[in-house]
>>> print(open('structure-v2.cif').read())   # mmCIF, C-alpha atoms
data_work
#
loop_
_atom_site.group_PDB
_atom_site.id
_atom_site.type_symbol
_atom_site.label_atom_id
_atom_site.label_comp_id
_atom_site.auth_asym_id
_atom_site.auth_seq_id
_atom_site.Cartn_x
_atom_site.Cartn_y
_atom_site.Cartn_z
ATOM 1 C CA MET A 225 -21.583 31.037 0.358
ATOM 2 C CA ALA A 226 -18.837 32.086 2.737
ATOM 3 C CA GLY A 227 -15.542 30.465 1.844
ATOM 4 C CA GLN A 228 -16.597 29.728 -1.722
ATOM 5 C CA ILE A 229 -15.264 31.090 -4.960
ATOM 6 C CA LYS A 230 -17.994 31.871 -7.466
ATOM 7 C CA GLU A 231 -17.799 32.144 -11.210
ATOM 8 C CA HIS A 232 -16.303 35.493 -12.319
ATOM 9 C CA SER A 233 -15.072 36.165 -8.799
ATOM 10 C CA ASP A 234 -11.770 35.377 -7.087
ATOM 11 C CA PHE A 235 -9.441 32.848 -8.633
ATOM 12 C CA PRO A 236 -7.855 30.210 -6.404
ATOM 13 C CA CYS A 237 -4.103 29.877 -6.740
ATOM 14 C CA TYR A 238 -2.036 26.775 -6.285
ATOM 15 C CA TYR A 239 1.601 25.981 -6.856
ATOM 16 C CA ASP A 240 3.116 23.366 -9.116
ATOM 17 C CA PRO A 241 6.917 23.482 -8.788
ATOM 18 C CA ASN A 242 9.366 23.528 -11.656
ATOM 19 C CA THR A 243 12.450 22.304 -9.753
ATOM 20 C CA TYR A 244 10.919 19.008 -8.560
ATOM 21 C CA SER A 245 7.826 16.972 -9.294
ATOM 22 C CA TYR A 246 4.855 15.965 -7.180
ATOM 23 C CA ASP A 247 4.974 12.743 -9.205
ATOM 24 C CA ASP A 248 7.866 11.723 -6.948
ATOM 25 C CA PHE A 249 5.439 11.583 -4.014
ATOM 26 C CA THR A 250 3.427 8.592 -2.850
ATOM 27 C CA ILE A 251 0.329 9.834 -1.033
ATOM 28 C CA TYR A 252 -1.765 8.070 1.584
ATOM 29 C CA LYS A 253 -5.087 9.281 2.945
ATOM 30 C CA GLY A 254 -4.447 7.918 6.427
ATOM 31 C CA SER A 255 -1.601 5.681 7.518
ATOM 32 C CA VAL A 256 0.971 4.330 5.085
ATOM 33 C CA SER A 257 -0.890 1.341 3.723
ATOM 34 C CA LYS A 258 -1.678 0.064 0.242
ATOM 35 C CA ASP A 259 -5.383 0.451 1.077
ATOM 36 C CA ASN A 260 -4.909 4.192 1.744
ATOM 37 C CA LEU A 261 -2.977 5.015 -1.436
ATOM 38 C CA VAL A 262 -4.497 7.971 -3.349
ATOM 39 C CA SER A 263 -3.546 10.175 -6.267
ATOM 40 C CA ARG A 264 -2.518 13.785 -5.811
ATOM 41 C CA GLU A 265 -5.513 14.939 -7.833
ATOM 42 C CA THR A 266 -7.951 13.423 -5.339
ATOM 43 C CA ILE A 267 -6.782 15.581 -2.450
ATOM 44 C CA TYR A 268 -4.985 18.635 -3.842
ATOM 45 C CA ALA A 269 -6.704 21.272 -5.999
ATOM 46 C CA SER A 270 -9.412 18.784 -6.946
ATOM 47 C CA GLY A 271 -12.020 21.477 -7.629
ATOM 48 C CA ILE A 272 -9.648 23.490 -9.793
ATOM 49 C CA ARG A 273 -8.692 20.468 -11.854
ATOM 50 C CA GLN A 274 -12.386 19.587 -12.318
ATOM 51 C CA HIS A 275 -13.238 23.209 -13.150
ATOM 52 C CA ALA A 276 -15.914 23.104 -10.462
ATOM 53 C CA ILE A 277 -17.948 26.247 -9.768
ATOM 54 C CA PRO A 278 -18.233 27.248 -7.021
ATOM 55 C CA VAL A 279 -14.924 26.103 -5.538
ATOM 56 C CA ASP A 280 -14.640 26.074 -1.775
ATOM 57 C CA TYR A 281 -11.401 26.173 0.227
ATOM 58 C CA ALA A 282 -11.168 22.379 0.496
ATOM 59 C CA MET A 283 -11.615 21.874 -3.243
ATOM 60 C CA ALA A 284 -9.098 24.616 -4.016
ATOM 61 C CA TYR A 285 -6.457 23.121 -1.726
ATOM 62 C CA THR A 286 -6.889 20.049 0.501
ATOM 63 C CA TYR A 287 -9.740 18.723 2.581
ATOM 64 C CA ASP A 288 -9.317 18.592 6.347
ATOM 65 C CA LEU A 289 -8.315 14.993 6.942
ATOM 66 C CA LYS A 290 -7.452 13.066 10.074
ATOM 67 C CA GLU A 291 -4.079 11.972 8.705
ATOM 68 C CA ILE A 292 -2.181 12.308 5.442
ATOM 69 C CA ASN A 293 1.178 10.698 4.721
ATOM 70 C CA ILE A 294 3.412 11.720 1.837
ATOM 71 C CA VAL A 295 6.506 9.716 0.972
ATOM 72 C CA ASN A 296 9.050 11.598 -1.132
ATOM 73 C CA LYS A 297 10.992 9.032 -3.167
ATOM 74 C CA LYS A 298 13.644 11.603 -4.118
ATOM 75 C CA SER A 299 14.216 13.145 -0.719
ATOM 76 C CA PRO A 300 17.841 14.119 -0.057
ATOM 77 C CA ASN A 301 17.447 12.805 3.517
ATOM 78 C CA LYS A 302 15.744 10.023 5.496
ATOM 79 C CA LEU A 303 13.865 12.302 7.885
ATOM 80 C CA ARG A 304 10.330 11.513 9.067
ATOM 81 C CA ALA A 305 8.425 14.671 9.966
ATOM 82 C CA LEU A 306 5.144 14.995 11.822
ATOM 83 C CA ILE A 307 3.258 18.201 11.100
ATOM 84 C CA ILE A 308 0.430 18.920 13.511
ATOM 85 C CA LYS A 309 -1.833 21.204 11.508
ATOM 86 C CA ASP A 310 -5.093 22.913 10.883
ATOM 87 C CA SER A 311 -6.557 24.057 7.563
ATOM 88 C CA TYR A 312 -4.049 26.902 7.231
ATOM 89 C CA VAL A 313 -1.450 24.316 6.157
ATOM 90 C CA ASN A 314 -3.659 22.715 3.472
ATOM 91 C CA PRO A 315 -2.348 24.788 0.543
ATOM 92 C CA MET A 316 1.239 23.872 1.456
ATOM 93 C CA ILE A 317 1.200 20.135 2.174
ATOM 94 C CA PHE A 318 3.212 19.210 -0.902
ATOM 95 C CA GLN A 319 5.709 22.029 -0.440
ATOM 96 C CA TYR A 320 6.556 20.840 3.091
ATOM 97 C CA ALA A 321 6.665 17.196 1.955
ATOM 98 C CA HIS A 322 9.376 18.087 -0.553
ATOM 99 C CA HIS A 323 11.849 18.506 2.333
ATOM 100 C CA PHE A 324 11.451 15.109 4.041
ATOM 101 C CA GLU A 325 11.404 11.447 3.081
ATOM 102 C CA THR A 326 8.110 10.941 4.939
ATOM 103 C CA THR A 327 5.783 13.709 6.044
ATOM 104 C CA THR A 328 2.798 12.903 8.227
ATOM 105 C CA TYR A 329 0.056 15.493 8.645
ATOM 106 C CA TYR A 330 -2.065 15.114 11.778
ATOM 107 C CA ASP A 331 -5.130 17.308 12.307
ATOM 108 C CA ILE A 332 -6.097 17.352 15.986
ATOM 109 C CA ARG A 333 -9.645 18.467 15.156
ATOM 110 C CA HIS A 334 -10.240 15.187 13.320
ATOM 111 C CA ASN A 335 -8.412 12.870 15.739
ATOM 112 C CA ARG A 336 -10.953 12.602 18.526
ATOM 113 C CA ASP A 337 -10.011 8.968 19.136
ATOM 114 C CA ARG A 338 -6.286 9.384 19.828
ATOM 115 C CA SER A 339 -4.110 11.928 21.571
ATOM 116 C CA VAL A 340 -1.083 13.580 20.020
ATOM 117 C CA PHE A 341 1.120 11.913 22.665
ATOM 118 C CA ASP A 342 -0.250 8.470 21.781
ATOM 119 C CA PHE A 343 0.244 9.100 18.078
ATOM 120 C CA VAL A 344 3.838 10.292 18.552
ATOM 121 C CA ASN A 345 4.645 7.362 20.842
ATOM 122 C CA GLN A 346 3.252 4.856 18.323
ATOM 123 C CA ASN A 347 5.329 6.289 15.474
ATOM 124 C CA LYS A 348 8.969 7.180 15.035
ATOM 125 C CA PHE A 349 9.385 10.787 13.950
ATOM 126 C CA ASP A 350 12.654 12.672 13.638
ATOM 127 C CA LEU A 351 10.974 16.022 14.149
ATOM 128 C CA VAL A 352 7.595 17.439 15.078
ATOM 129 C CA ILE A 353 6.373 20.709 13.598
ATOM 130 C CA LEU A 354 3.366 22.559 14.958
ATOM 131 C CA LEU A 355 1.712 24.729 12.275
ATOM 132 C CA TYR A 356 -1.510 26.295 13.454
ATOM 133 C CA ASN A 357 -3.453 29.509 13.420
ATOM 134 C CA ASP A 358 -2.101 31.118 16.604
ATOM 135 C CA GLU A 359 -5.532 32.253 17.794
ATOM 136 C CA VAL A 360 -6.625 28.721 18.633
ATOM 137 C CA TYR A 361 -3.813 27.549 20.931
ATOM 138 C CA VAL A 362 -5.861 28.289 24.038
ATOM 139 C CA ASP A 363 -8.461 25.641 23.207
ATOM 140 C CA PRO A 364 -8.535 22.489 25.406
ATOM 141 C CA MET A 365 -7.814 20.553 22.227
ATOM 142 C CA TYR A 366 -4.156 21.607 22.641
ATOM 143 C CA ILE A 367 -3.569 19.673 25.819
ATOM 144 C CA PHE A 368 -1.616 17.078 23.879
ATOM 145 C CA ASP A 369 -1.609 14.237 26.387
ATOM 146 C CA ARG A 370 -5.337 13.550 26.083
ATOM 147 C CA VAL A 371 -7.971 13.058 23.439
ATOM 148 C CA PRO A 372 -9.637 16.346 22.377
ATOM 149 C CA PRO A 373 -13.145 17.003 23.738
ATOM 150 C CA LYS A 374 -16.048 16.388 21.386
#
>>> encode(input="structure-v2.cif", output="structure tokens")
Amino acid sequence: MAGQIKEHSDFPCYYDPNTYSYDDFTIYKGSVSKDNLVSRETIYASGIRQHAIPVDYAMAYTYDLKEINIVNKKSPNKLRALIIKDSYVNPMIFQYAHHFETTTYYDIRHNRDRSVFDFVNQNKFDLVILLYNDEVYVDPMYIFDRVPPK
């Protein structure tokens, strides 16, 4: 049961802000497309909201997904950010999205069919942020101009 929270054990924590609302976000599980539109509750703290026991890391925060896009309708800017991430970023996806009009999360581990370079070249981002556990940067997966090995 590694990585799981059992009844009467640890309590997962998540953050709901009081200075802005996640309701201002439009969330896509994948590219920005009507077919990929999802609710916040389906990908963030889903296990907590369902009172599931045990709750694993993905249910407490966010599942590892190939791509997530969050559009912030009340962003003070028009910036499009790409965040290349691993699971360490999952608890914070909405907090980062608060700062940009569009935030795209790209998980290299789940993008075995496209390289980071290809993805960046096919999209127009104003900035690219790399947020990863620093112990894994030596992996061949981080040679960004090719598809990660299987």
>>> residues_around(input="structure-v2.cif", residues="segment 315-331 of chain A", least_positions_apart="3", cutoff="6 Å", atoms="only C-alpha atoms", output="list in words")
Tyr285, Lys290, Glu291, Ile292, Asn293, Ile294, Val295, Asn296, Ser299, Lys302, Leu303, Arg304, Ala305, Leu306, Ile307, Ile308, Lys309, Asp310 and His334 of chain A
>>> closest_residue(input="structure-v2.cif", among="A:Ser311, A:Phe249, A:Asn335, A:Tyr244", to="Lys297 of chain A", atoms="all atoms listed in the file")
A:Phe249
>>> residues_near_point(input="structure-v2.cif", point="(-2.2, 2.9, 11.3)", cutoff="8 Å", atoms="only C-alpha atoms", output="PyMOL selection string")
chain A and resi 254-257
>>> atom_distance(input="structure-v2.cif", atom1="atom CA of Leu355 of chain A", atom2="atom CA of Val313 of chain A")
6.9 Å
>>> atom_distance(input="structure-v2.cif", atom1="atom CA of Tyr287 of chain A", atom2="atom CA of Lys258 of chain A")
20.5 Å
>>> atom_distance(input="structure-v2.cif", atom1="atom CA of Tyr356 of chain A", atom2="atom CA of Leu289 of chain A")
14.7 Å
>>> closest_residue(input="structure-v2.cif", among="A:Ile332, A:Val340, A:Ile251, A:Val371", to="Tyr268 of chain A", atoms="all atoms listed in the file")
A:Ile251
>>> build_atoms(input="structure-v2.cif", residues="segment 309-324 of chain A", atoms="N, CA and C atoms", output="PDB file, in the coordinates of the input")
ATOM      1  N   LYS A 309      -1.340  20.111  12.352  1.00  0.00           N
ATOM      2  CA  LYS A 309      -1.833  21.204  11.508  1.00  0.00           C
ATOM      3  C   LYS A 309      -3.304  21.501  11.688  1.00  0.00           C
ATOM      4  N   ASP A 310      -3.689  22.623  11.128  1.00  0.00           N
ATOM      5  CA  ASP A 310      -5.093  22.913  10.883  1.00  0.00           C
ATOM      6  C   ASP A 310      -5.212  23.263   9.398  1.00  0.00           C
ATOM      7  N   SER A 311      -6.324  23.824   8.990  1.00  0.00           N
ATOM      8  CA  SER A 311      -6.557  24.057   7.563  1.00  0.00           C
ATOM      9  C   SER A 311      -5.626  25.106   6.955  1.00  0.00           C
ATOM     10  N   TYR A 312      -4.970  25.902   7.772  1.00  0.00           N
ATOM     11  CA  TYR A 312      -4.049  26.902   7.231  1.00  0.00           C
ATOM     12  C   TYR A 312      -2.885  26.247   6.474  1.00  0.00           C
ATOM     13  N   VAL A 313      -2.564  25.022   6.796  1.00  0.00           N
ATOM     14  CA  VAL A 313      -1.450  24.316   6.157  1.00  0.00           C
ATOM     15  C   VAL A 313      -1.885  23.658   4.846  1.00  0.00           C
ATOM     16  N   ASN A 314      -3.170  23.472   4.630  1.00  0.00           N
ATOM     17  CA  ASN A 314      -3.659  22.715   3.472  1.00  0.00           C
ATOM     18  C   ASN A 314      -3.062  23.148   2.132  1.00  0.00           C
ATOM     19  N   PRO A 315      -2.921  24.424   1.847  1.00  0.00           N
ATOM     20  CA  PRO A 315      -2.348  24.788   0.543  1.00  0.00           C
ATOM     21  C   PRO A 315      -0.877  24.421   0.386  1.00  0.00           C
ATOM     22  N   MET A 316      -0.208  24.061   1.498  1.00  0.00           N
ATOM     23  CA  MET A 316       1.239  23.872   1.456  1.00  0.00           C
ATOM     24  C   MET A 316       1.701  22.447   1.735  1.00  0.00           C
ATOM     25  N   ILE A 317       0.778  21.478   1.751  1.00  0.00           N
ATOM     26  CA  ILE A 317       1.200  20.135   2.174  1.00  0.00           C
ATOM     27  C   ILE A 317       2.267  19.530   1.275  1.00  0.00           C
ATOM     28  N   PHE A 318       2.204  19.778  -0.012  1.00  0.00           N
ATOM     29  CA  PHE A 318       3.212  19.210  -0.902  1.00  0.00           C
ATOM     30  C   PHE A 318       4.528  19.970  -0.823  1.00  0.00           C
ATOM     31  N   GLN A 319       4.475  21.256  -0.557  1.00  0.00           N
ATOM     32  CA  GLN A 319       5.709  22.029  -0.440  1.00  0.00           C
ATOM     33  C   GLN A 319       6.512  21.586   0.784  1.00  0.00           C
ATOM     34  N   TYR A 320       5.839  21.339   1.908  1.00  0.00           N
ATOM     35  CA  TYR A 320       6.556  20.840   3.091  1.00  0.00           C
ATOM     36  C   TYR A 320       7.074  19.424   2.844  1.00  0.00           C
ATOM     37  N   ALA A 321       6.277  18.589   2.190  1.00  0.00           N
ATOM     38  CA  ALA A 321       6.665  17.196   1.955  1.00  0.00           C
ATOM     39  C   ALA A 321       7.912  17.082   1.078  1.00  0.00           C
ATOM     40  N   HIS A 322       8.186  18.084   0.307  1.00  0.00           N
ATOM     41  CA  HIS A 322       9.376  18.087  -0.553  1.00  0.00           C
ATOM     42  C   HIS A 322      10.665  17.983   0.269  1.00  0.00           C
ATOM     43  N   HIS A 323      10.640  18.405   1.521  1.00  0.00           N
ATOM     44  CA  HIS A 323      11.849  18.506   2.333  1.00  0.00           C
ATOM     45  C   HIS A 323      12.159  17.280   3.183  1.00  0.00           C
ATOM     46  N   PHE A 324      11.278  16.277   3.177  1.00  0.00           N
ATOM     47  CA  PHE A 324      11.451  15.109   4.041  1.00  0.00           C
ATOM     48  C   PHE A 324      11.164  13.823   3.263  1.00  0.00           C
TER      49      PHE A 324
END
